[in-house]
Amino acid sequence: MAPKAASSSSHSKTTPAFPGKTHKKPAAKPKSPLSDADRLKRLFTSLCAQIDGAHFANALKTCDKILRIDSRDPDALQTKLFLLLQTDQYAPALALVDSLREGQTDKGNAFDYEKAYSLYRLHREDEATEIVGALKRQRKAEDESRSALHLEAQLAYRQGDYQTAFDLYNSLLDTAEPHSDEQADILTNLTAAQSHLDFLTSGYLSALSALSSAVAESLESAPPPAAPSTLPYTAREAEPQTKDAGEPQPKKLRARRIPKGVVLGVTPMPDPERWLKKSERSSAQYGHGKRRRGGGGGATQGIVETPVAPPGGGGKSKKKGKK
């Protein structure tokens, strides 16, 4: 009896308690959230890769993620300002510069060039010229003073002071590295300033001397042109309101209702029944009635044949046609 009990116990160990079922793996432990330092490290790594690949839109989003973790991170703020200027978002860049300078005691030393450049691109030349003058008086590093000279030359050119722009570009050309992108840009701007100066000093006078005396006198006696309106679109929108309200306005034909390839008054209009089936058009119905009056059949397609009955036969005649 004892050996039987042992064999039964060993058999019970080898057979599973629930046949057909497998043991499940234990559930994975949830990962602990990353610390702010680790998240910032990963975000800055992604930011560097995006800037190297010129993916500036995605880099701006990464800067915003960094600033949500640390709103006063200086590297993220300067990088965001650089990206805003690179993507031609000058109004947000100017707002960012003002927000960065709020907490500083010496507001005249931080991001002056970026603010002046943003004002220049927003066509606020007077404010930009004032900041550029302050930059020249401060005599900062050579790179910053050179950038200020470029901006001063561009402001002078836009404001019509071509002689000042010409002199500034000449001084920049003397110290520019040969065969560099800066030298090519300076030469382009120098040529433009030189052409304006030539026209004002000699080209304008030679053009006047080439005119007849009557035309020259009429030009000299003519009043100066009126200043352009600052709101041209508002004036155009106000024109229809000045017309008489009772005057009927001609109704314009919508261009989308004119079929493609049709020119009004030149090409004939297409058949208005071109969208209907051929059997439903008025021309098909007219021809169908004519065939009915002329002979038997009545079918719209096919040929109806009536064979002659054979002699002596009394069979029925069969009609062949399309069913």
# chains A, B, ... in the order shown; residues from 1 in each chain; ligands from 1
call {"tool": "select_by_dssp", "arguments": {"residues": "segment 46-175 of chain A", "states": "alpha helix (DSSP H)", "output": "PyMOL selection string"}}
result
chain A and resi 46-52+56-69+74-86+90-102+112-121+125-138+142-158+162-175
call {"tool": "residues_around", "arguments": {"residues": "His196 of chain A", "least_positions_apart": "2", "cutoff": "10 Å", "atoms": "only C-alpha atoms", "output": "number ranges by chain"}}
result
A: 157, 160-163, 166, 191-194, 198-201, 203
call {"tool": "write_last_selection", "arguments": {"atoms": "all heavy atoms", "output": "compact mmCIF listing (two decimals), in the first residue's frame"}}
result
# COMPACT_ATOMS: atom_id res chain seq x y z
N TYR A 157 20.15 103.85 -45.89
CA TYR A 157 19.69 103.59 -47.25
C TYR A 157 18.17 103.67 -47.34
O TYR A 157 17.61 104.22 -48.29
CB TYR A 157 20.18 102.21 -47.70
CG TYR A 157 19.82 101.86 -49.12
CD1 TYR A 157 20.62 102.25 -50.18
CD2 TYR A 157 18.65 101.13 -49.40
CE1 TYR A 157 20.28 101.93 -51.48
CE2 TYR A 157 18.31 100.81 -50.70
CZ TYR A 157 19.12 101.21 -51.73
OH TYR A 157 18.78 100.90 -53.03
N GLY A 160 16.83 107.22 -47.32
CA GLY A 160 17.22 108.07 -48.44
C GLY A 160 18.55 108.78 -48.27
O GLY A 160 18.91 109.61 -49.12
N ASP A 161 19.29 108.49 -47.21
CA ASP A 161 20.60 109.10 -47.00
C ASP A 161 21.64 108.18 -47.66
O ASP A 161 22.38 107.44 -47.00
CB ASP A 161 20.88 109.25 -45.51
CG ASP A 161 22.10 110.11 -45.24
OD1 ASP A 161 22.74 110.56 -46.21
OD2 ASP A 161 22.41 110.33 -44.05
N TYR A 162 21.71 108.26 -49.00
CA TYR A 162 22.55 107.33 -49.75
C TYR A 162 24.04 107.61 -49.57
O TYR A 162 24.85 106.68 -49.63
CB TYR A 162 22.19 107.39 -51.23
CG TYR A 162 20.73 107.07 -51.48
CD1 TYR A 162 19.86 108.04 -51.96
CD2 TYR A 162 20.23 105.80 -51.23
CE1 TYR A 162 18.53 107.75 -52.19
CE2 TYR A 162 18.89 105.51 -51.45
CZ TYR A 162 18.05 106.49 -51.92
OH TYR A 162 16.73 106.19 -52.13
N GLN A 163 24.41 108.86 -49.32
CA GLN A 163 25.82 109.17 -49.12
C GLN A 163 26.35 108.53 -47.84
O GLN A 163 27.45 107.96 -47.82
CB GLN A 163 26.01 110.69 -49.08
CG GLN A 163 27.47 111.12 -49.02
CD GLN A 163 28.25 110.68 -50.24
OE1 GLN A 163 27.86 110.91 -51.37
NE2 GLN A 163 29.40 110.04 -50.00
N PHE A 166 26.63 104.85 -48.41
CA PHE A 166 27.78 104.56 -49.27
C PHE A 166 29.09 104.59 -48.45
O PHE A 166 29.96 103.73 -48.60
CB PHE A 166 27.83 105.57 -50.41
CG PHE A 166 28.97 105.38 -51.36
CD1 PHE A 166 28.92 104.38 -52.33
CD2 PHE A 166 30.10 106.18 -51.29
CE1 PHE A 166 29.99 104.19 -53.20
CE2 PHE A 166 31.15 106.00 -52.16
CZ PHE A 166 31.10 105.01 -53.12
N THR A 191 26.77 98.79 -54.47
CA THR A 191 26.39 99.10 -55.84
C THR A 191 25.04 99.81 -55.90
O THR A 191 24.84 100.76 -56.68
CB THR A 191 26.34 97.81 -56.66
OG1 THR A 191 27.60 97.15 -56.58
CG2 THR A 191 26.01 98.09 -58.11
N ALA A 192 24.09 99.36 -55.06
CA ALA A 192 22.77 100.00 -55.04
C ALA A 192 22.87 101.44 -54.55
O ALA A 192 22.25 102.37 -55.13
CB ALA A 192 21.83 99.20 -54.14
N ALA A 193 23.65 101.69 -53.51
CA ALA A 193 23.81 103.06 -53.02
C ALA A 193 24.53 103.93 -54.04
O ALA A 193 24.18 105.12 -54.23
CB ALA A 193 24.59 103.05 -51.69
N GLN A 194 25.52 103.38 -54.74
CA GLN A 194 26.24 104.13 -55.76
C GLN A 194 25.33 104.51 -56.93
O GLN A 194 25.41 105.63 -57.46
CB GLN A 194 27.42 103.31 -56.27
CG GLN A 194 28.26 104.01 -57.33
CD GLN A 194 28.98 105.22 -56.77
OE1 GLN A 194 29.68 105.10 -55.77
NE2 GLN A 194 28.83 106.36 -57.41
N ASP A 198 24.60 108.32 -58.18
CA ASP A 198 24.87 108.75 -59.56
C ASP A 198 23.64 109.39 -60.18
O ASP A 198 23.75 110.38 -60.92
CB ASP A 198 25.32 107.55 -60.39
CG ASP A 198 26.69 107.03 -59.96
OD1 ASP A 198 27.41 107.79 -59.28
OD2 ASP A 198 27.01 105.87 -60.27
N PHE A 199 22.47 108.85 -59.89
CA PHE A 199 21.26 109.44 -60.46
C PHE A 199 20.99 110.82 -59.88
O PHE A 199 20.60 111.75 -60.60
CB PHE A 199 20.07 108.52 -60.20
CG PHE A 199 18.76 109.08 -60.67
CD1 PHE A 199 18.43 109.10 -62.02
CD2 PHE A 199 17.86 109.62 -59.76
CE1 PHE A 199 17.22 109.62 -62.45
CE2 PHE A 199 16.66 110.15 -60.18
CZ PHE A 199 16.34 110.15 -61.53
N LEU A 200 21.20 110.96 -58.56
CA LEU A 200 20.92 112.25 -57.93
C LEU A 200 21.94 113.32 -58.31
O LEU A 200 21.59 114.50 -58.42
CB LEU A 200 20.89 112.10 -56.41
CG LEU A 200 19.73 111.26 -55.85
CD1 LEU A 200 19.88 111.10 -54.34
CD2 LEU A 200 18.39 111.89 -56.18
N THR A 201 23.18 112.94 -58.54
CA THR A 201 24.22 113.94 -58.84
C THR A 201 24.35 114.25 -60.32
O THR A 201 24.52 115.41 -60.72
CB THR A 201 25.57 113.45 -58.30
OG1 THR A 201 25.84 112.14 -58.83
CG2 THR A 201 25.54 113.36 -56.78
N GLY A 203 22.81 111.80 -63.16
CA GLY A 203 21.80 111.23 -64.05
C GLY A 203 20.55 112.06 -64.14
O GLY A 203 19.97 112.24 -65.23
call {"tool": "residues_around", "arguments": {"residues": "Leu119 of chain A", "least_positions_apart": "5", "cutoff": "8 Å", "atoms": "only C-alpha atoms", "output": "NGL selection string"}}
result
:A and (90 or 94 or 124-125 or 127-128)
call {"tool": "closest_residue", "arguments": {"among": "A:Arg137, A:Lys41, A:Ala165, A:Leu155", "to": "Ser195 of chain A", "atoms": "only C-alpha atoms"}}
result
A:Ala165
call {"tool": "residues_around", "arguments": {"residues": "Asn58 of chain A", "least_positions_apart": "5", "cutoff": "10 Å", "atoms": "only C-alpha atoms", "output": "ChimeraX atom specification"}}
result
/A:46-47,50-51,63-64
call {"tool": "atom_distance", "arguments": {"atom1": "atom CA of Lys136 of chain A", "atom2": "atom CA of Leu85 of chain A"}}
result
22.0 Å
